[in-house]
$ cat entry-v9.cif   # mmCIF, C-alpha atoms
data_input
#
loop_
_atom_site.group_PDB
_atom_site.id
_atom_site.type_symbol
_atom_site.label_atom_id
_atom_site.label_comp_id
_atom_site.auth_asym_id
_atom_site.auth_seq_id
_atom_site.Cartn_x
_atom_site.Cartn_y
_atom_site.Cartn_z
ATOM 1 C CA MET X 10 -12.226 -20.619 20.433
ATOM 2 C CA VAL X 11 -13.051 -17.019 21.370
ATOM 3 C CA PHE X 12 -14.455 -14.801 18.620
ATOM 4 C CA TYR X 13 -11.410 -12.512 18.447
ATOM 5 C CA ARG X 14 -9.113 -15.410 17.583
ATOM 6 C CA LYS X 15 -11.647 -17.331 15.517
ATOM 7 C CA TYR X 16 -12.402 -14.367 13.276
ATOM 8 C CA ARG X 17 -8.938 -12.810 13.127
ATOM 9 C CA PRO X 18 -8.528 -11.178 9.673
ATOM 10 C CA GLN X 19 -6.597 -13.381 7.230
ATOM 11 C CA ARG X 20 -6.514 -11.086 4.182
ATOM 12 C CA ILE X 21 -5.912 -7.392 3.610
ATOM 13 C CA ASP X 22 -9.510 -6.844 2.512
ATOM 14 C CA GLU X 23 -10.675 -8.266 5.860
ATOM 15 C CA LEU X 24 -8.845 -5.546 7.793
ATOM 16 C CA ASP X 25 -11.497 -3.228 9.167
ATOM 17 C CA ASN X 26 -9.202 -0.214 9.579
ATOM 18 C CA GLU X 27 -9.710 1.526 6.239
ATOM 19 C CA SER X 28 -6.551 3.662 6.328
ATOM 20 C CA VAL X 29 -4.357 0.641 7.107
ATOM 21 C CA ARG X 30 -6.065 -1.409 4.406
ATOM 22 C CA GLU X 31 -5.526 1.266 1.770
ATOM 23 C CA SER X 32 -1.922 1.869 2.866
ATOM 24 C CA LEU X 33 -1.039 -1.796 2.413
ATOM 25 C CA TYR X 34 -2.677 -1.972 -1.012
ATOM 26 C CA SER X 35 -0.698 1.090 -2.064
ATOM 27 C CA ILE X 36 2.598 -0.304 -0.726
ATOM 28 C CA PHE X 37 2.318 -3.780 -2.220
ATOM 29 C CA SER X 38 0.760 -2.755 -5.544
ATOM 30 C CA LYS X 39 4.190 -1.600 -6.702
ATOM 31 C CA GLY X 40 5.580 -5.132 -6.502
ATOM 32 C CA ASN X 41 8.200 -4.228 -3.911
ATOM 33 C CA PHE X 42 8.084 -3.375 -0.219
ATOM 34 C CA PRO X 43 10.285 -1.938 2.541
ATOM 35 C CA HIS X 44 12.513 -4.131 4.677
ATOM 36 C CA ALA X 45 11.082 -2.688 7.900
ATOM 37 C CA PHE X 46 7.661 -1.510 9.078
ATOM 38 C CA LEU X 47 6.712 0.308 12.272
ATOM 39 C CA PHE X 48 3.115 -0.216 13.417
ATOM 40 C CA THR X 49 1.957 2.279 16.038
ATOM 41 C CA GLY X 50 -1.307 2.668 17.923
ATOM 42 C CA PRO X 51 -3.302 1.550 20.988
ATOM 43 C CA LYS X 52 -3.912 -2.083 21.859
ATOM 44 C CA GLY X 53 -6.711 -4.042 20.213
ATOM 45 C CA LEU X 54 -6.497 -2.467 16.756
ATOM 46 C CA GLY X 55 -5.038 -5.442 14.860
ATOM 47 C CA LYS X 56 -1.328 -4.633 14.599
ATOM 48 C CA THR X 57 -0.193 -8.239 15.104
ATOM 49 C CA SER X 58 -2.926 -9.621 12.833
ATOM 50 C CA THR X 59 -1.838 -7.183 10.117
ATOM 51 C CA ALA X 60 1.796 -8.208 10.567
ATOM 52 C CA ARG X 61 0.866 -11.849 9.965
ATOM 53 C CA ILE X 62 -1.100 -10.918 6.850
ATOM 54 C CA ILE X 63 1.942 -9.069 5.518
ATOM 55 C CA ALA X 64 4.071 -12.154 6.214
ATOM 56 C CA LYS X 65 1.636 -14.187 4.112
ATOM 57 C CA ALA X 66 1.395 -11.605 1.339
ATOM 58 C CA ILE X 67 5.189 -11.614 1.064
ATOM 59 C CA ASN X 68 5.599 -15.388 1.141
ATOM 60 C CA CYS X 69 2.433 -16.681 -0.551
ATOM 61 C CA GLU X 70 3.447 -19.270 -3.144
ATOM 62 C CA LYS X 71 0.996 -17.917 -5.724
ATOM 63 C CA HIS X 72 3.023 -14.676 -5.828
ATOM 64 C CA LYS X 73 6.301 -16.275 -6.933
ATOM 65 C CA ASP X 74 5.819 -15.551 -10.635
ATOM 66 C CA LEU X 75 4.245 -12.104 -10.293
ATOM 67 C CA LYS X 76 6.399 -9.229 -11.511
ATOM 68 C CA GLY X 77 5.920 -5.449 -11.429
ATOM 69 C CA GLU X 78 2.703 -3.759 -10.434
ATOM 70 C CA ARG X 79 -0.117 -5.860 -8.986
ATOM 71 C CA SER X 80 -3.844 -5.522 -8.595
ATOM 72 C CA GLU X 81 -5.492 -5.697 -5.161
ATOM 73 C CA LYS X 82 -6.588 -9.255 -5.931
ATOM 74 C CA GLU X 83 -3.029 -10.301 -6.774
ATOM 75 C CA ILE X 84 -1.691 -8.782 -3.554
ATOM 76 C CA GLU X 85 -3.933 -10.893 -1.321
ATOM 77 C CA PRO X 86 -2.503 -14.121 0.174
ATOM 78 C CA CYS X 87 -4.256 -17.263 -1.063
ATOM 79 C CA ASN X 88 -4.528 -18.801 2.445
ATOM 80 C CA LYS X 89 -4.295 -22.224 0.788
ATOM 81 C CA CYS X 90 -0.607 -22.816 0.034
ATOM 82 C CA GLU X 91 1.868 -24.347 2.495
ATOM 83 C CA GLN X 92 3.354 -20.967 3.408
ATOM 84 C CA CYS X 93 0.013 -19.278 4.074
ATOM 85 C CA LEU X 94 -1.377 -22.183 6.083
ATOM 86 C CA SER X 95 1.720 -22.551 8.253
ATOM 87 C CA ILE X 96 1.763 -18.819 9.013
ATOM 88 C CA THR X 97 -1.925 -18.949 9.963
ATOM 89 C CA THR X 98 -1.324 -21.838 12.370
ATOM 90 C CA GLY X 99 1.881 -20.333 13.738
ATOM 91 C CA ASN X 100 4.076 -23.216 12.568
ATOM 92 C CA ASN X 101 6.124 -21.472 9.890
ATOM 93 C CA LEU X 102 9.838 -21.835 10.641
ATOM 94 C CA ASP X 103 10.706 -18.552 8.910
ATOM 95 C CA ILE X 104 8.220 -16.297 10.717
ATOM 96 C CA PHE X 105 9.334 -15.169 14.153
ATOM 97 C CA GLU X 106 7.075 -13.440 16.672
ATOM 98 C CA ILE X 107 9.040 -11.857 19.495
ATOM 99 C CA ASP X 108 7.581 -10.253 22.605
ATOM 100 C CA GLY X 109 9.679 -7.162 23.237
ATOM 101 C CA ALA X 110 8.616 -7.087 26.881
ATOM 102 C CA SER X 111 9.961 -10.590 27.566
ATOM 103 C CA ASN X 112 12.944 -10.551 25.181
ATOM 104 C CA ARG X 113 14.189 -7.027 25.718
ATOM 105 C CA GLY X 114 17.884 -7.527 26.376
ATOM 106 C CA ILE X 115 21.045 -7.352 24.317
ATOM 107 C CA ASP X 116 21.550 -11.132 24.371
ATOM 108 C CA GLU X 117 18.202 -11.789 22.684
ATOM 109 C CA ILE X 118 18.864 -9.255 19.932
ATOM 110 C CA ARG X 119 22.400 -10.566 19.433
ATOM 111 C CA ASP X 120 20.938 -14.053 19.006
ATOM 112 C CA LEU X 121 18.522 -12.625 16.437
ATOM 113 C CA LYS X 122 21.416 -10.950 14.587
ATOM 114 C CA GLU X 123 23.292 -14.231 14.313
ATOM 115 C CA LYS X 124 20.334 -16.321 13.178
ATOM 116 C CA ILE X 125 19.059 -13.744 10.700
ATOM 117 C CA LYS X 126 22.161 -14.313 8.583
ATOM 118 C CA LEU X 127 20.919 -17.805 7.702
ATOM 119 C CA ALA X 128 18.796 -18.166 4.576
ATOM 120 C CA PRO X 129 15.077 -18.905 5.017
ATOM 121 C CA PHE X 130 14.186 -22.557 5.542
ATOM 122 C CA LYS X 131 11.417 -22.596 2.914
ATOM 123 C CA ALA X 132 9.899 -19.114 2.715
ATOM 124 C CA TYR X 133 10.867 -16.354 0.310
ATOM 125 C CA LYS X 134 11.582 -13.981 3.208
ATOM 126 C CA LYS X 135 12.172 -14.356 6.923
ATOM 127 C CA VAL X 136 9.783 -12.090 8.804
ATOM 128 C CA TYR X 137 10.516 -10.845 12.312
ATOM 129 C CA ILE X 138 7.498 -9.459 14.172
ATOM 130 C CA ILE X 139 8.575 -7.672 17.368
ATOM 131 C CA ASP X 140 5.633 -6.735 19.564
ATOM 132 C CA GLU X 141 5.924 -3.947 22.162
ATOM 133 C CA VAL X 142 9.274 -3.042 20.627
ATOM 134 C CA HIS X 143 9.516 0.058 22.844
ATOM 135 C CA MET X 144 10.325 -2.280 25.760
ATOM 136 C CA LEU X 145 13.788 -3.113 24.395
ATOM 137 C CA THR X 146 16.770 -1.834 26.346
ATOM 138 C CA THR X 147 19.046 0.871 24.943
ATOM 139 C CA GLU X 148 21.719 -1.723 24.234
ATOM 140 C CA ALA X 149 19.200 -3.949 22.452
ATOM 141 C CA PHE X 150 17.993 -1.031 20.341
ATOM 142 C CA ASN X 151 21.578 -0.256 19.334
ATOM 143 C CA ALA X 152 22.093 -3.851 18.241
ATOM 144 C CA LEU X 153 18.797 -3.845 16.334
ATOM 145 C CA LEU X 154 19.767 -0.589 14.635
ATOM 146 C CA LYS X 155 22.857 -2.189 13.107
ATOM 147 C CA THR X 156 20.690 -4.938 11.635
ATOM 148 C CA LEU X 157 18.178 -2.424 10.244
ATOM 149 C CA GLU X 158 20.993 -0.391 8.701
ATOM 150 C CA GLU X 159 22.389 -3.373 6.806
ATOM 151 C CA PRO X 160 19.612 -5.974 6.668
ATOM 152 C CA PRO X 161 20.073 -9.207 4.739
ATOM 153 C CA SER X 162 17.996 -9.239 1.570
ATOM 154 C CA HIS X 163 15.940 -12.179 2.807
ATOM 155 C CA ALA X 164 14.650 -10.468 5.987
ATOM 156 C CA VAL X 165 11.732 -8.170 6.797
ATOM 157 C CA PHE X 166 11.047 -6.559 10.170
ATOM 158 C CA ILE X 167 7.644 -5.521 11.514
ATOM 159 C CA LEU X 168 7.942 -3.566 14.750
ATOM 160 C CA CYS X 169 4.762 -2.988 16.754
ATOM 161 C CA THR X 170 4.323 -0.530 19.606
ATOM 162 C CA THR X 171 1.660 1.178 21.693
ATOM 163 C CA GLU X 172 4.192 3.849 22.742
ATOM 164 C CA PRO X 173 5.964 5.148 19.621
ATOM 165 C CA HIS X 174 7.543 8.043 21.517
ATOM 166 C CA LYS X 175 9.759 5.482 23.286
ATOM 167 C CA VAL X 176 11.144 4.111 20.007
ATOM 168 C CA PRO X 177 14.465 5.805 19.162
ATOM 169 C CA ALA X 178 14.306 8.119 16.158
ATOM 170 C CA THR X 179 17.203 6.213 14.591
ATOM 171 C CA ILE X 180 15.042 3.063 14.572
ATOM 172 C CA ALA X 181 11.828 4.761 13.449
ATOM 173 C CA SER X 182 13.580 6.558 10.586
ATOM 174 C CA ARG X 183 14.561 3.227 9.031
ATOM 175 C CA CYS X 184 10.990 1.904 9.013
ATOM 176 C CA LEU X 185 7.882 2.663 7.027
ATOM 177 C CA ARG X 186 5.420 3.787 9.676
ATOM 178 C CA ILE X 187 1.748 2.854 9.610
ATOM 179 C CA ASN X 188 -0.413 4.407 12.313
ATOM 180 C CA PHE X 189 -3.344 2.400 13.647
ATOM 181 C CA THR X 190 -5.925 4.909 14.865
ATOM 182 C CA ARG X 191 -8.906 4.094 17.046
ATOM 183 C CA ALA X 192 -11.684 2.529 14.995
ATOM 184 C CA THR X 193 -14.719 4.513 13.922
ATOM 185 C CA ASP X 194 -18.231 3.248 14.663
ATOM 186 C CA GLU X 195 -18.518 2.329 10.983
ATOM 187 C CA GLU X 196 -15.311 0.250 11.088
ATOM 188 C CA LEU X 197 -16.370 -1.459 14.323
ATOM 189 C CA THR X 198 -19.750 -2.272 12.799
ATOM 190 C CA ARG X 199 -18.049 -3.768 9.729
ATOM 191 C CA SER X 200 -15.925 -5.932 12.001
ATOM 192 C CA MET X 201 -18.865 -7.150 14.071
ATOM 193 C CA GLN X 202 -21.150 -7.776 11.086
ATOM 194 C CA ARG X 203 -18.751 -10.420 9.769
ATOM 195 C CA ILE X 204 -19.048 -12.329 13.059
ATOM 196 C CA ILE X 205 -22.772 -11.724 13.443
ATOM 197 C CA LYS X 206 -23.379 -13.282 10.036
ATOM 198 C CA ALA X 207 -21.096 -16.273 10.636
ATOM 199 C CA GLU X 208 -22.465 -16.987 14.123
ATOM 200 C CA GLU X 209 -26.065 -16.191 13.138
ATOM 201 C CA ILE X 210 -26.463 -13.810 16.084
ATOM 202 C CA LYS X 211 -29.826 -12.077 16.372
ATOM 203 C CA ILE X 212 -29.078 -8.444 17.146
ATOM 204 C CA ASP X 213 -30.647 -5.030 16.572
ATOM 205 C CA THR X 214 -28.808 -2.306 14.681
ATOM 206 C CA GLN X 215 -28.995 -0.012 17.709
ATOM 207 C CA ALA X 216 -27.411 -2.713 19.868
ATOM 208 C CA ILE X 217 -24.459 -2.895 17.475
ATOM 209 C CA LEU X 218 -24.003 0.866 17.784
ATOM 210 C CA GLU X 219 -24.142 0.618 21.587
ATOM 211 C CA ILE X 220 -21.388 -2.019 21.533
ATOM 212 C CA ALA X 221 -19.327 0.215 19.273
ATOM 213 C CA LYS X 222 -19.622 3.066 21.778
ATOM 214 C CA LEU X 223 -18.642 0.827 24.697
ATOM 215 C CA SER X 224 -15.557 -0.504 22.914
ATOM 216 C CA ASP X 225 -13.822 2.898 22.790
ATOM 217 C CA GLY X 226 -12.445 2.362 19.292
ATOM 218 C CA SER X 227 -10.965 -1.086 19.967
ATOM 219 C CA PHE X 228 -11.780 -3.948 17.596
ATOM 220 C CA ARG X 229 -10.740 -6.473 20.229
ATOM 221 C CA ASP X 230 -13.014 -4.968 22.888
ATOM 222 C CA ALA X 231 -15.945 -4.732 20.476
ATOM 223 C CA VAL X 232 -15.671 -8.401 19.574
ATOM 224 C CA LYS X 233 -15.260 -9.376 23.230
ATOM 225 C CA ILE X 234 -18.408 -7.440 24.195
ATOM 226 C CA LEU X 235 -20.310 -8.944 21.247
ATOM 227 C CA GLU X 236 -19.340 -12.444 22.346
ATOM 228 C CA GLU X 237 -20.291 -11.842 25.975
ATOM 229 C CA ILE X 238 -23.648 -10.275 25.138
ATOM 230 C CA SER X 239 -24.507 -13.047 22.661
ATOM 231 C CA VAL X 240 -23.930 -15.626 25.402
ATOM 232 C CA PHE X 241 -25.880 -13.505 27.901
ATOM 233 C CA ALA X 242 -28.811 -13.162 25.482
ATOM 234 C CA GLY X 243 -29.037 -16.862 24.695
ATOM 235 C CA ARG X 244 -31.873 -17.373 22.222
ATOM 236 C CA LYS X 245 -33.176 -13.826 22.667
ATOM 237 C CA THR X 246 -32.482 -10.995 20.231
ATOM 238 C CA VAL X 247 -29.737 -8.697 21.456
ATOM 239 C CA THR X 248 -31.184 -5.220 21.962
ATOM 240 C CA ALA X 249 -29.652 -1.911 23.043
ATOM 241 C CA ASP X 250 -31.437 -2.260 26.395
ATOM 242 C CA LEU X 251 -29.879 -5.682 26.902
ATOM 243 C CA VAL X 252 -26.414 -4.304 26.142
ATOM 244 C CA ASN X 253 -26.910 -1.479 28.635
ATOM 245 C CA GLU X 254 -28.196 -3.922 31.231
ATOM 246 C CA LYS X 255 -25.121 -6.122 30.893
ATOM 247 C CA PHE X 256 -22.386 -3.478 30.625
ATOM 248 C CA ASN X 257 -21.642 -0.320 32.539
ATOM 249 C CA SER X 258 -21.077 3.120 31.015
ATOM 250 C CA LEU X 259 -17.294 2.609 30.938
ATOM 251 C CA GLY X 260 -17.583 -0.307 28.525
ATOM 252 C CA ILE X 261 -16.216 -2.879 30.966
ATOM 253 C CA GLY X 262 -18.023 -6.162 31.417
ATOM 254 C CA GLU X 263 -19.427 -6.715 34.895
ATOM 255 C CA ASN X 264 -18.087 -10.277 34.888
#
$ encode --input "entry-v9.cif" --output "structure tokens"
Amino acid sequence: MVFYRKYRPQRIDELDNESVRESLYSIFSKGNFPHAFLFTGPKGLGKTSTARIIAKAINCEKHKDLKGERSEKEIEPCNKCEQCLSITTGNNLDIFEIDGASNRGIDEIRDLKEKIKLAPFKAYKKVYIIDEVHMLTTEAFNALLKTLEEPPSHAVFILCTTEPHKVPATIASRCLRINFTRATDEELTRSMQRIIKAEEIKIDTQAILEIAKLSDGSFRDAVKILEEISVFAGRKTVTADLVNEKFNSLGIGEN
């Protein structure tokens, strides 16, 4: 399994984007949460991973008896109960991931509207994660708007987009927006250090900084470069010179 999938964050405290991490702690510490989120930002910043963590935080079985305000520790999913494990593996029958680019028409959204009326199979809330939501047609957006205006109490929407300016204002205004900005070198280093430790990769500090520069603020690209250079290095220590030898100045692997 590639590093990016193998080391996908599974808890809020594992999210390397500090502003997103703090926003989620603030939102869920109150004990309630909005029925719709809008995640905006470039690709490779963890929008889908964060959506799955929210789905677990909402449905984690250890949270059933918690009332009122919660500490950061109480907000985190346990990643051990049936709900958490099935969301992690992608087998949860109440969590729906929809690709807006492939399911962009009115028929798909109408089907969603009909099925959303049904109570969750086992989870506390049904969670609909719509990636690249800006790709929906005008008719599909209008149908989605009606659902967002009068959502069933057992449903939560998480809309993700790389082009927020294409999302109608009527949709955006009914969501709590969280902006995923390009990662800082410090955040990229935090992300890579978790993998470096787990994989026991020998690497210089300067090499980590070089990878951060090449990744252009993308967690996904940083991890991809780290994986490629660790394979390229073999048993040798990864140095800044080795990184520069392998990758060009644009941050794109030669292979």
$ resolve_selection --input "entry-v9.cif" --expression "the PyMOL selection byres ((chain X and resi 144) around 10)" --output "VMD selection string"
chain X and resid 108 to 114 140 to 143 145 to 147 149 to 150 170 172 175 to 176
$ residues_around --input "entry-v9.cif" --residues "range 79-96 of chain X" --least-positions-apart "3" --cutoff "7 Å" --atoms "all atoms listed in the file" --output "list in words"
Arg20, Ile21, Tyr34, Phe37, Ser38, Lys39, Gly40, Lys65, Ala66, Asn68, Cys69, Glu70, Gly99, Asn100, Asn101 and Ala132 of chain X
$ resolve_selection --input "entry-v9.cif" --expression "the PyMOL selection byres ((chain X and resi 160) around 12)" --output "list in words"
Pro43, His44, Ala45, Leu121, Lys122, Glu123, Ile125, Lys126, Leu127, Lys134, Lys135, Val136, Tyr137, Leu153, Leu154, Lys155, Thr156, Leu157, Glu158, Glu159, Pro161, Ser162, His163, Ala164, Val165, Phe166, Arg183 and Cys184 of chain X
$ closest_residue --input "entry-v9.cif" --among "X:Gln215, X:Asn26, X:Thr248, X:Ser32" --to "Arg199 in chain X" --atoms "all atoms listed in the file"
X:Asn26
$ residues_around --input "entry-v9.cif" --residues "range 229-235 of chain X" --least-positions-apart "2" --cutoff "9 Å" --atoms "all atoms listed in the file" --output "ChimeraX atom specification"
/X:11-13,52-55,197-198,200-201,204-205,217,220-227,237-240,252,256,260-262
$ atom_distance --input "entry-v9.cif" --atom1 "CA of Ser58 in chain X" --atom2 "CA of Tyr133 in chain X"
19.8 Å
$ resolve_selection --input "entry-v9.cif" --expression "the PyMOL selection byres ((chain X and resi 48) around 7)" --output "ChimeraX atom specification"
/X:46-47,49-50,56,168-170,186-189
$ closest_residue --input "entry-v9.cif" --among "X:Phe130, X:Arg17, X:Ile138, X:Ile115" --to "Ile63 in chain X" --atoms "all atoms listed in the file"
X:Ile138
$ atom_distance --input "entry-v9.cif" --atom1 "CA of Thr98 in chain X" --atom2 "CA of Arg14 in chain X"
11.4 Å
$ atom_distance --input "entry-v9.cif" --atom1 "CA of Ala181 in chain X" --atom2 "CA of Phe228 in chain X"
25.5 Å
$ closest_residue --input "entry-v9.cif" --among "X:Arg119, X:Arg30, X:His174, X:Lys131" --to "Ala152 in chain X" --atoms "only C-alpha atoms"
X:Arg119
$ closest_residue --input "entry-v9.cif" --among "X:Asn151, X:Ile36, X:Tyr16, X:Ile167" --to "Asp116 in chain X" --atoms "all atoms listed in the file"
X:Asn151
$ axis_aligned_box --input "entry-v9.cif" --around "range 196-203 of chain X" --padding-each-side "5 Å" --output "AutoDock Vina command-line options"
--center_x -18.2 --center_y -5.1 --center_z 12.0 --size_x 15.8 --size_y 20.7 --size_z 14.6
$ decode --input "entry-v9.cif" --residues "range 129-146 of chain X" --atoms "N, CA, C and O atoms" --output "tab-separated table (two decimals), in the first residue's frame"
chain	number	residue	atom	x	y	z
X	129	PRO	N	-30.93	5.73	9.16
X	129	PRO	CA	-29.64	5.03	9.05
X	129	PRO	C	-29.80	3.54	9.36
X	129	PRO	O	-30.64	3.14	10.17
X	130	PHE	N	-28.97	2.73	8.73
X	130	PHE	CA	-29.01	1.28	8.93
X	130	PHE	C	-28.55	0.93	10.35
X	130	PHE	O	-29.23	0.24	11.09
X	131	LYS	N	-27.39	1.46	10.75
X	131	LYS	CA	-26.87	1.22	12.09
X	131	LYS	C	-26.27	2.48	12.73
X	131	LYS	O	-26.24	2.59	13.95
X	132	ALA	N	-25.80	3.39	11.92
X	132	ALA	CA	-25.11	4.57	12.42
X	132	ALA	C	-26.07	5.56	13.07
X	132	ALA	O	-27.29	5.48	12.89
X	133	TYR	N	-25.50	6.50	13.80
X	133	TYR	CA	-26.30	7.57	14.41
X	133	TYR	C	-26.76	8.55	13.34
X	133	TYR	O	-27.90	9.02	13.34
X	134	LYS	N	-25.85	8.86	12.39
X	134	LYS	CA	-26.16	9.77	11.30
X	134	LYS	C	-25.69	9.19	9.97
X	134	LYS	O	-24.63	8.56	9.89
X	135	LYS	N	-26.47	9.42	8.92
X	135	LYS	CA	-25.99	9.17	7.57
X	135	LYS	C	-25.08	10.34	7.19
X	135	LYS	O	-25.39	11.49	7.49
X	136	VAL	N	-23.97	10.04	6.55
X	136	VAL	CA	-23.06	11.10	6.12
X	136	VAL	C	-22.84	10.98	4.62
X	136	VAL	O	-22.45	9.92	4.12
X	137	TYR	N	-23.10	12.07	3.92
X	137	TYR	CA	-22.92	12.13	2.48
X	137	TYR	C	-21.72	13.02	2.16
X	137	TYR	O	-21.75	14.23	2.43
X	138	ILE	N	-20.67	12.41	1.62
X	138	ILE	CA	-19.46	13.13	1.24
X	138	ILE	C	-19.49	13.28	-0.28
X	138	ILE	O	-19.41	12.29	-1.01
X	139	ILE	N	-19.62	14.52	-0.77
X	139	ILE	CA	-19.67	14.76	-2.21
X	139	ILE	C	-18.40	15.47	-2.63
X	139	ILE	O	-18.18	16.64	-2.30
X	140	ASP	N	-17.54	14.73	-3.32
X	140	ASP	CA	-16.26	15.29	-3.77
X	140	ASP	C	-16.45	16.03	-5.09
X	140	ASP	O	-17.29	15.65	-5.91
X	141	GLU	N	-15.64	17.06	-5.31
X	141	GLU	CA	-15.74	17.89	-6.52
X	141	GLU	C	-17.18	18.31	-6.77
X	141	GLU	O	-17.72	18.19	-7.88
X	142	VAL	N	-17.81	18.82	-5.73
X	142	VAL	CA	-19.24	19.17	-5.80
X	142	VAL	C	-19.51	20.25	-6.84
X	142	VAL	O	-20.63	20.35	-7.37
X	143	HIS	N	-18.52	21.04	-7.19
X	143	HIS	CA	-18.72	22.11	-8.18
X	143	HIS	C	-19.04	21.56	-9.57
X	143	HIS	O	-19.48	22.31	-10.45
X	144	MET	N	-18.85	20.25	-9.77
X	144	MET	CA	-19.11	19.64	-11.07
X	144	MET	C	-20.59	19.33	-11.29
X	144	MET	O	-20.99	18.94	-12.39
X	145	LEU	N	-21.41	19.46	-10.28
X	145	LEU	CA	-22.84	19.18	-10.44
X	145	LEU	C	-23.48	20.16	-11.44
X	145	LEU	O	-23.05	21.30	-11.56
X	146	THR	N	-24.50	19.69	-12.13
X	146	THR	CA	-25.22	20.55	-13.05
X	146	THR	C	-26.10	21.53	-12.27
X	146	THR	O	-26.34	21.35	-11.07
